[in-house]
Amino acid sequence: MIKMNNKVSVLIFVILVLSLFLQTVLMHFRYHITRSDLVNARFNVIANDLKGSIEKSLKLGINLAHLKNTQRLIEQAKKQEPMINSITVFVLDQNNVNDVFKTSTVKSPTDLQKKIISSLQSSKKDYWTFDYGTDSEYIGITLKDAIGLPIGGIYMDYSSSIVNNEEKIEISNLYLRLTIMILIAFFLSFIMGNKLIKPLSTCLDAMNKNVQNLLSDKNHEVDLSQISQAELRKDFLNMYSSIKQSLESLDYLQKWINEIQ
Amino acid sequence: MTVDSNLRKYFEHIIVKTIIITMLSSLFMALILFNFHTNVQEKTLQFEMDNRSRAVGISIINVFEHALKLGIPFNEMVNVPEFLNNNMKNANELGYITITDANGELIYHTNNFKNSIRGSFKRFSLSVASDEETLPAYNISNFHNVPLRIKTNNETVGYLHLGVSQSITSAHINDVYYDIMTILFVSLIVGFEFLIFLFRNSVTIPITNLVNLMKRITIFDYTTTAIIITRDAIGELIKCLNEFIEYITATAKRLRNEAKTIEKNYPDKDRLLMINETIHEIKEKYTFAKNTPVREPVRPIIENLRLPAFLIILAETVLVTILPSFAAQFYEPSFIVSKYFLSGTPIIIFMIFAGFSIPLSSFISYRIGFQKTFILGTCISMLGYLMNFLMDDLSGLLGGRAIAAFGYGISYACCQNYLAAYSEKDQRIRAYAIFATALAAAYICGAPIGGILVDNIGYRYTFGLAAIISAIALIMGYRYIFDFEGYTLHKKRQTQKNPLSLLRLKPLAFAVIASGFPARLIFTSLICLLYPIYLTTYLGNTPSNTGRIVMIFGIISFLISPLSVRFITKIPNPRALLILSSFIIAGAILLDATFKSTIGAIVGLIIYAIGSVFHTLTMMGTLESIAQKEFANYSKSSILSFYFVFERIGMAAGPTITGALLSTFNLPDTLKILAYFIIILNSIYLAYFIYENIVNSNEVTKVPA
């Protein structure tokens, strides 16, 4: 037999944990979006700064590949923000990405190039962001020529693990608190089960015991000590005496029949 | 009977106490997490905003340091204020940018700089250590000031100060607070729904069975045993009492047979008389089953519908507020429809397909039963959500919406039919309030969660989540929606008349067509289409914000539904309330159209929610009484089917008509047209109501004569 107070304790515990878990997961989501929005906003400033400098020359009709100052600018920008892994300035050439200036020597893989083009083309704004690989997040900005047509862009990748390390600390703090809350929930549900439901369970057990004893021994004296509530005791006594009366009536009849037989 | 009331009261008291304390504990723990999380968010937000300001500052300093290297004196540079003003345009959170010399004397500043804070820069330059690389940010007046050092040849020549407007920071922080509060509220509501459900099935229902059994034993009724649901103390006591009933019935039967045998063979008539008298007394006093005691029949527990209904509606409401912005992403200028219309298309398609499947649901329910109908509908809608999850284009979106709508309509109408079939007339308002509360709870949770989920996991995974919620609803439906013997609708269908034949009943026809139909049309138009578009596209709210605002509808409905049941059952003429609530709905829409602001929309939504709850529940409660007087020969299912036909036409027609209106008129004008539509129809109903009352009062005065 499952103890009623234990059952209710488990039930309360499940509900409390469900509610806390839901809250924590949603808060985790909210925290992540707040953080990545702000990190993106910071890198936007750098990207926008570079865009301003480059577009000024483009508007004068200078070809992007001939802007020798650009390499220095992107290296300076990278130095300014240590979280940035690399900065690349590229031109669009018939749906291909041609890197013109870059701070790293690694060639961009084809699938990354495809991702850059799709992000650039689908974005309604000049800025675009995307994830690539397991550890890198990209932020890009479209470069436009003198008549406002996109000719290429700047993209910079930053290690999400650097951002995530700080985030991980906060998230682990959040989950630590969740664990503490779960422990509190465990004790609370245990206390509630014992304080609120145990009297009810004890009362039902006592009723059960009394009825069982009566069925096995018709002369059994009712024990109401475990039934705490006065009115409930009265009600049970009514039912108990009904059972007793019924058993006695049938016993009486049995006695007559036995006597005759 | 005292045993019933005392025992029930005692158990109810304990259960209610346990539920309240559980909810309070949940709230307490949620508030601790809330406090922690808001602190973390605030810290992160401030830290990252400072970093952003520093990034803006560094780009300015680069120019300055370049100029200094070229030998231009620090305090004789030209066009610096213009340069600073231009930089400020790109960072709207900044209130000012200033440059001071190493002693804190102001040299350059942007246009909107307030002289009153000039002194603080001097104090700052005196306090700052010369070797400190990252200077600490601090508050001045209404700004959060981020200082940076301007250096040449490793020597500080001045400071750049960027003032982040605290109102912008606090607006960001408030946005986070609102989201976290919404999350807290949603987690509490979901917890409450599951708590009520689990308590009902594992404690309340077994206790009700026990109380009924004890009541029967007290009055010596041994015809029926009780169902054992749980294996705890309640189950054990029921088992023991069942055994007693079986024992006593078997003993009584055996003794009766023995007595009959003796009667035939025993010559002493006096002694036989004693036995017969005892048997007679037992027969008089006790009630036994003819053979063996029967098991108490399983009765439909309409409350158990609440959780599956909540889940299927939740799966859909999670998507309601995000669909307009999702569809708008696919807009191209070459499209023949406007962006507004395209935003509403998924909802319009949803409502058209749901409109087709809703009448079909009744037809299927009559043939295969409620449980199978619910499972079928939920499976189809799950497929629709999965299609949306897998396909990321406009055709995939619309196709998935159509399939999901078809299934959703079947499940939604199945829930309504289930309640109508298994609730008696006096329970009707309460039964419908169960559905209304499930609907409200789903709107509370779904609408804001949808916005937050999209911001975090994207549209695709939000559709995936809707599919998972549907799967849980499916399991719940399989476990808790039953077709009961003696309640099957197969029999009812034979006696049921064509619902449209009830059009001849003027009081009913007027109530349904002039009041019920427009109210449902407005409901789907406003909640599923107009509010999300109005708040997102017209008033510029984010999906999260829109979700939070639409949640208000759910909160108001959730809170006032149980209270309004009591009110509606007490008032003498509920039809007057029906008319009044329709006018309240129209007023709310006009308010939205007039004020054209988010606050106006919130107030309008609150008023609309009040009107809508009263209208829906009054309609359900009065339908049968409207028709009862003159047309008693119509069954309850005929009357309800008549209403459901028009209700569902209204639900399907709402977004379709509104979508068509949106392609011609702007949003406020569309709102006004809908308000006038409900006012005109309701005025017709009011006129009929007055006419009917006059006719009735004339008839009453004629009778005594």
# chains A, B, ... in the order shown; residues from 1 in each chain; ligands from 1

call {"tool": "select_by_dssp", "arguments": {"residues": "range 25-250 of chain A", "states": "helix (DSSP H, G or I)", "output": "ChimeraX atom specification"}}
result
/A:25-59,64-66,69-80,110-122,160-216,230-250

call {"tool": "interface_residues", "arguments": {"of": "chain A", "to": "chain B", "cutoff": "7 Å", "atoms": "only C-alpha atoms", "output": "PyMOL selection string"}}
result
chain A and resi 1-4+12+15-16+18-20+22-23+26-27+29+31+33+38-39+41-42+45-46+49+181+196+201+204-205+208+212+231-232+235+238-239+242+250+253-254+256-257

call {"tool": "atom_distance", "arguments": {"atom1": "CA of Tyr138 in chain A", "atom2": "CA of Phe83 in chain B"}}
result
29.3 Å

call {"tool": "residues_around", "arguments": {"residues": "Leu50 in chain A", "least_positions_apart": "3", "cutoff": "9 Å", "atoms": "only C-alpha atoms", "output": "compact mmCIF listing (two decimals) with C-alpha atoms, in the first residue's frame"}}
result
# COMPACT_ATOMS: atom_id res chain seq x y z
CA VAL A 45 29.80 49.86 -33.21
CA ILE A 46 33.17 48.55 -34.42
CA ALA A 47 31.72 47.25 -37.68
CA SER A 53 35.73 54.76 -43.08
CA ILE A 54 35.56 52.39 -46.07
CA GLU A 55 32.36 53.79 -47.60
CA THR A 70 41.80 49.12 -44.84
CA LEU A 73 42.02 49.72 -39.94
CA ILE A 74 40.82 46.17 -39.47
CA ALA A 77 39.87 47.27 -34.73
CA ILE A 154 32.73 43.21 -43.49

call {"tool": "select_by_dssp", "arguments": {"residues": "range 108-196 of chain A", "states": "strand (DSSP E)", "output": "MDAnalysis selection string"}}
result
chainID A and resid 127:132 136:144 150:159

call {"tool": "residues_around", "arguments": {"residues": "range 372-379 of chain B", "least_positions_apart": "4", "cutoff": "8 Å", "atoms": "only C-alpha atoms", "output": "PyMOL selection string"}}
result
chain B and resi 312+361+364-365+368+383+406-411+414-415+470-471+473-474+477-478

call {"tool": "write_last_selection", "arguments": {"atoms": "C-alpha atoms", "output": "mmCIF file, in the first residue's frame"}}
result
data_model
loop_
_atom_site.group_PDB
_atom_site.id
_atom_site.type_symbol
_atom_site.label_atom_id
_atom_site.label_comp_id
_atom_site.auth_asym_id
_atom_site.auth_seq_id
_atom_site.Cartn_x
_atom_site.Cartn_y
_atom_site.Cartn_z
ATOM 1 C CA ILE B 312 -4.318 21.684 -27.405
ATOM 2 C CA SER B 361 -15.919 17.025 -35.601
ATOM 3 C CA ILE B 364 -17.044 12.087 -36.431
ATOM 4 C CA SER B 365 -17.758 12.176 -32.681
ATOM 5 C CA ILE B 368 -16.340 6.922 -33.536
ATOM 6 C CA LEU B 383 1.440 16.798 -38.247
ATOM 7 C CA PHE B 406 -7.992 21.025 -39.613
ATOM 8 C CA GLY B 407 -6.858 18.907 -36.666
ATOM 9 C CA TYR B 408 -7.221 21.694 -34.123
ATOM 10 C CA GLY B 409 -10.815 22.356 -35.221
ATOM 11 C CA ILE B 410 -11.696 18.693 -34.718
ATOM 12 C CA SER B 411 -10.153 18.538 -31.223
ATOM 13 C CA CYS B 414 -14.741 17.640 -29.722
ATOM 14 C CA CYS B 415 -14.030 19.215 -26.311
ATOM 15 C CA SER B 470 0.117 18.447 -28.917
ATOM 16 C CA ALA B 471 1.721 15.071 -28.248
ATOM 17 C CA ALA B 473 -2.387 16.603 -25.144
ATOM 18 C CA LEU B 474 -2.827 13.429 -27.162
ATOM 19 C CA GLY B 477 -6.854 12.808 -24.197
ATOM 20 C CA TYR B 478 -6.266 9.080 -24.545
#

call {"tool": "residues_around", "arguments": {"residues": "Asn666 in chain B", "least_positions_apart": "2", "cutoff": "12 Å", "atoms": "only C-alpha atoms", "output": "list of chain:residue names"}}
result
B:Ser338, B:Lys339, B:Tyr340, B:Phe341, B:Leu530, B:Ile533, B:Tyr534, B:Thr537, B:Tyr538, B:Ala593, B:Lys596, B:Thr658, B:Gly659, B:Ala660, B:Leu661, B:Leu662, B:Ser663, B:Thr664, B:Pro668, B:Asp669, B:Thr670, B:Leu671, B:Lys672, B:Ile673

call {"tool": "residues_around", "arguments": {"residues": "Ile347 in chain B", "least_positions_apart": "5", "cutoff": "8 Å", "atoms": "only C-alpha atoms", "output": "PDB file with N, CA and C atoms, in the first residue's frame"}}
result
ATOM      1  N   VAL B 320       0.066  32.017 -31.934  1.00  0.00           N
ATOM      2  CA  VAL B 320      -0.808  33.110 -32.396  1.00  0.00           C
ATOM      3  C   VAL B 320      -0.079  34.437 -32.577  1.00  0.00           C
ATOM      4  N   LEU B 323       2.865  34.483 -35.477  1.00  0.00           N
ATOM      5  CA  LEU B 323       2.581  34.234 -36.893  1.00  0.00           C
ATOM      6  C   LEU B 323       2.618  35.493 -37.762  1.00  0.00           C
ATOM      7  N   ARG B 401      -0.098  25.296 -41.602  1.00  0.00           N
ATOM      8  CA  ARG B 401      -1.194  25.959 -40.881  1.00  0.00           C
ATOM      9  C   ARG B 401      -2.540  25.320 -41.234  1.00  0.00           C
ATOM     10  N   CYS B 528      -7.144  36.524 -32.612  1.00  0.00           N
ATOM     11  CA  CYS B 528      -6.224  35.766 -33.466  1.00  0.00           C
ATOM     12  C   CYS B 528      -5.601  36.628 -34.557  1.00  0.00           C
ATOM     13  N   LEU B 529      -6.234  37.699 -34.934  1.00  0.00           N
ATOM     14  CA  LEU B 529      -5.700  38.439 -36.078  1.00  0.00           C
ATOM     15  C   LEU B 529      -5.407  39.910 -35.774  1.00  0.00           C
ATOM     16  N   PRO B 655     -11.709  35.965 -39.116  1.00  0.00           N
ATOM     17  CA  PRO B 655     -10.440  36.405 -39.711  1.00  0.00           C
ATOM     18  C   PRO B 655     -10.509  36.566 -41.226  1.00  0.00           C
TER      19      PRO B 655
END

call {"tool": "decode", "arguments": {"residues": "range 484-586 of chain B", "atoms": "C-alpha atoms", "output": "mmCIF file, in the first residue's frame"}}
result
data_model
loop_
_atom_site.group_PDB
_atom_site.id
_atom_site.type_symbol
_atom_site.label_atom_id
_atom_site.label_comp_id
_atom_site.auth_asym_id
_atom_site.auth_seq_id
_atom_site.Cartn_x
_atom_site.Cartn_y
_atom_site.Cartn_z
ATOM 1 C CA PHE B 484 -19.426 6.355 -21.426
ATOM 2 C CA GLU B 485 -22.014 3.680 -21.729
ATOM 3 C CA GLY B 486 -25.481 5.151 -21.422
ATOM 4 C CA TYR B 487 -24.208 8.490 -22.627
ATOM 5 C CA THR B 488 -23.267 7.540 -26.176
ATOM 6 C CA LEU B 489 -24.301 9.981 -28.810
ATOM 7 C CA HIS B 490 -25.376 7.283 -31.264
ATOM 8 C CA LYS B 491 -28.786 7.211 -29.597
ATOM 9 C CA LYS B 492 -29.023 10.965 -29.433
ATOM 10 C CA ARG B 493 -28.285 11.301 -33.087
ATOM 11 C CA GLN B 494 -31.375 9.295 -33.957
ATOM 12 C CA THR B 495 -33.646 11.688 -32.051
ATOM 13 C CA GLN B 496 -31.756 14.822 -32.950
ATOM 14 C CA LYS B 497 -33.446 17.126 -35.431
ATOM 15 C CA ASN B 498 -31.693 19.064 -38.136
ATOM 16 C CA PRO B 499 -30.183 22.004 -36.213
ATOM 17 C CA LEU B 500 -31.145 24.475 -38.950
ATOM 18 C CA SER B 501 -34.836 23.612 -38.470
ATOM 19 C CA LEU B 502 -34.529 25.606 -35.236
ATOM 20 C CA LEU B 503 -34.344 28.785 -37.319
ATOM 21 C CA ARG B 504 -38.132 28.845 -36.977
ATOM 22 C CA LEU B 505 -37.760 29.466 -33.240
ATOM 23 C CA LYS B 506 -37.596 33.249 -33.297
ATOM 24 C CA PRO B 507 -36.287 33.876 -29.750
ATOM 25 C CA LEU B 508 -33.501 31.357 -30.253
ATOM 26 C CA ALA B 509 -32.728 32.390 -33.834
ATOM 27 C CA PHE B 510 -32.448 36.056 -32.822
ATOM 28 C CA ALA B 511 -30.223 35.253 -29.846
ATOM 29 C CA VAL B 512 -27.880 33.069 -31.881
ATOM 30 C CA ILE B 513 -27.715 35.029 -35.147
ATOM 31 C CA ALA B 514 -27.869 38.581 -33.825
ATOM 32 C CA SER B 515 -25.792 38.056 -30.692
ATOM 33 C CA GLY B 516 -23.873 34.757 -30.590
ATOM 34 C CA PHE B 517 -22.668 34.752 -34.189
ATOM 35 C CA PRO B 518 -21.214 38.313 -34.273
ATOM 36 C CA ALA B 519 -19.585 37.828 -30.863
ATOM 37 C CA ARG B 520 -17.684 34.755 -32.047
ATOM 38 C CA LEU B 521 -16.786 36.468 -35.321
ATOM 39 C CA ILE B 522 -15.334 39.354 -33.344
ATOM 40 C CA PHE B 523 -13.525 37.018 -30.952
ATOM 41 C CA THR B 524 -11.417 35.274 -33.593
ATOM 42 C CA SER B 525 -10.955 38.487 -35.575
ATOM 43 C CA LEU B 526 -9.624 40.379 -32.573
ATOM 44 C CA ILE B 527 -7.633 37.825 -30.618
ATOM 45 C CA CYS B 528 -6.224 35.766 -33.466
ATOM 46 C CA LEU B 529 -5.700 38.439 -36.078
ATOM 47 C CA LEU B 530 -6.302 42.090 -35.295
ATOM 48 C CA TYR B 531 -4.623 42.450 -31.896
ATOM 49 C CA PRO B 532 -1.379 40.683 -32.935
ATOM 50 C CA ILE B 533 -1.172 42.753 -36.152
ATOM 51 C CA TYR B 534 -2.343 45.971 -34.480
ATOM 52 C CA LEU B 535 0.193 45.684 -31.661
ATOM 53 C CA THR B 536 3.132 44.403 -33.717
ATOM 54 C CA THR B 537 2.879 45.980 -37.146
ATOM 55 C CA TYR B 538 0.780 49.095 -36.436
ATOM 56 C CA LEU B 539 1.920 50.113 -32.934
ATOM 57 C CA GLY B 540 5.467 48.733 -33.279
ATOM 58 C CA ASN B 541 5.527 46.372 -30.281
ATOM 59 C CA THR B 542 7.942 43.438 -30.232
ATOM 60 C CA PRO B 543 6.488 39.874 -30.403
ATOM 61 C CA SER B 544 7.316 39.490 -26.673
ATOM 62 C CA ASN B 545 5.437 42.659 -25.826
ATOM 63 C CA THR B 546 2.484 41.687 -28.004
ATOM 64 C CA GLY B 547 2.375 38.310 -26.276
ATOM 65 C CA ARG B 548 2.364 39.956 -22.860
ATOM 66 C CA ILE B 549 -0.487 42.265 -23.884
ATOM 67 C CA VAL B 550 -2.612 39.471 -25.396
ATOM 68 C CA MET B 551 -1.957 37.572 -22.151
ATOM 69 C CA ILE B 552 -4.099 40.196 -20.381
ATOM 70 C CA PHE B 553 -7.133 38.769 -22.185
ATOM 71 C CA GLY B 554 -6.322 35.350 -20.726
ATOM 72 C CA ILE B 555 -5.727 36.697 -17.204
ATOM 73 C CA ILE B 556 -9.015 38.617 -17.120
ATOM 74 C CA SER B 557 -10.947 35.631 -18.531
ATOM 75 C CA PHE B 558 -9.197 33.225 -16.138
ATOM 76 C CA LEU B 559 -10.049 35.357 -13.119
ATOM 77 C CA ILE B 560 -13.609 36.357 -13.917
ATOM 78 C CA SER B 561 -14.913 33.104 -15.472
ATOM 79 C CA PRO B 562 -15.526 31.290 -12.129
ATOM 80 C CA LEU B 563 -17.003 34.460 -10.565
ATOM 81 C CA SER B 564 -19.248 35.235 -13.525
ATOM 82 C CA VAL B 565 -20.806 31.747 -13.311
ATOM 83 C CA ARG B 566 -22.246 32.670 -9.894
ATOM 84 C CA PHE B 567 -23.408 36.058 -11.116
ATOM 85 C CA ILE B 568 -25.097 34.780 -14.288
ATOM 86 C CA THR B 569 -26.994 32.035 -12.443
ATOM 87 C CA LYS B 570 -28.397 34.595 -9.996
ATOM 88 C CA ILE B 571 -29.638 37.394 -12.247
ATOM 89 C CA PRO B 572 -33.344 37.256 -13.224
ATOM 90 C CA ASN B 573 -33.006 38.124 -16.931
ATOM 91 C CA PRO B 574 -29.706 36.892 -18.362
ATOM 92 C CA ARG B 575 -30.719 37.929 -21.905
ATOM 93 C CA ALA B 576 -30.409 41.575 -20.896
ATOM 94 C CA LEU B 577 -26.845 40.760 -19.819
ATOM 95 C CA LEU B 578 -26.251 39.192 -23.225
ATOM 96 C CA ILE B 579 -27.222 42.458 -24.922
ATOM 97 C CA LEU B 580 -25.237 44.566 -22.470
ATOM 98 C CA SER B 581 -22.090 42.448 -22.898
ATOM 99 C CA SER B 582 -22.349 42.788 -26.709
ATOM 100 C CA PHE B 583 -22.416 46.574 -26.347
ATOM 101 C CA ILE B 584 -19.402 46.366 -23.997
ATOM 102 C CA ILE B 585 -17.528 44.404 -26.698
ATOM 103 C CA ALA B 586 -18.390 47.048 -29.321
#
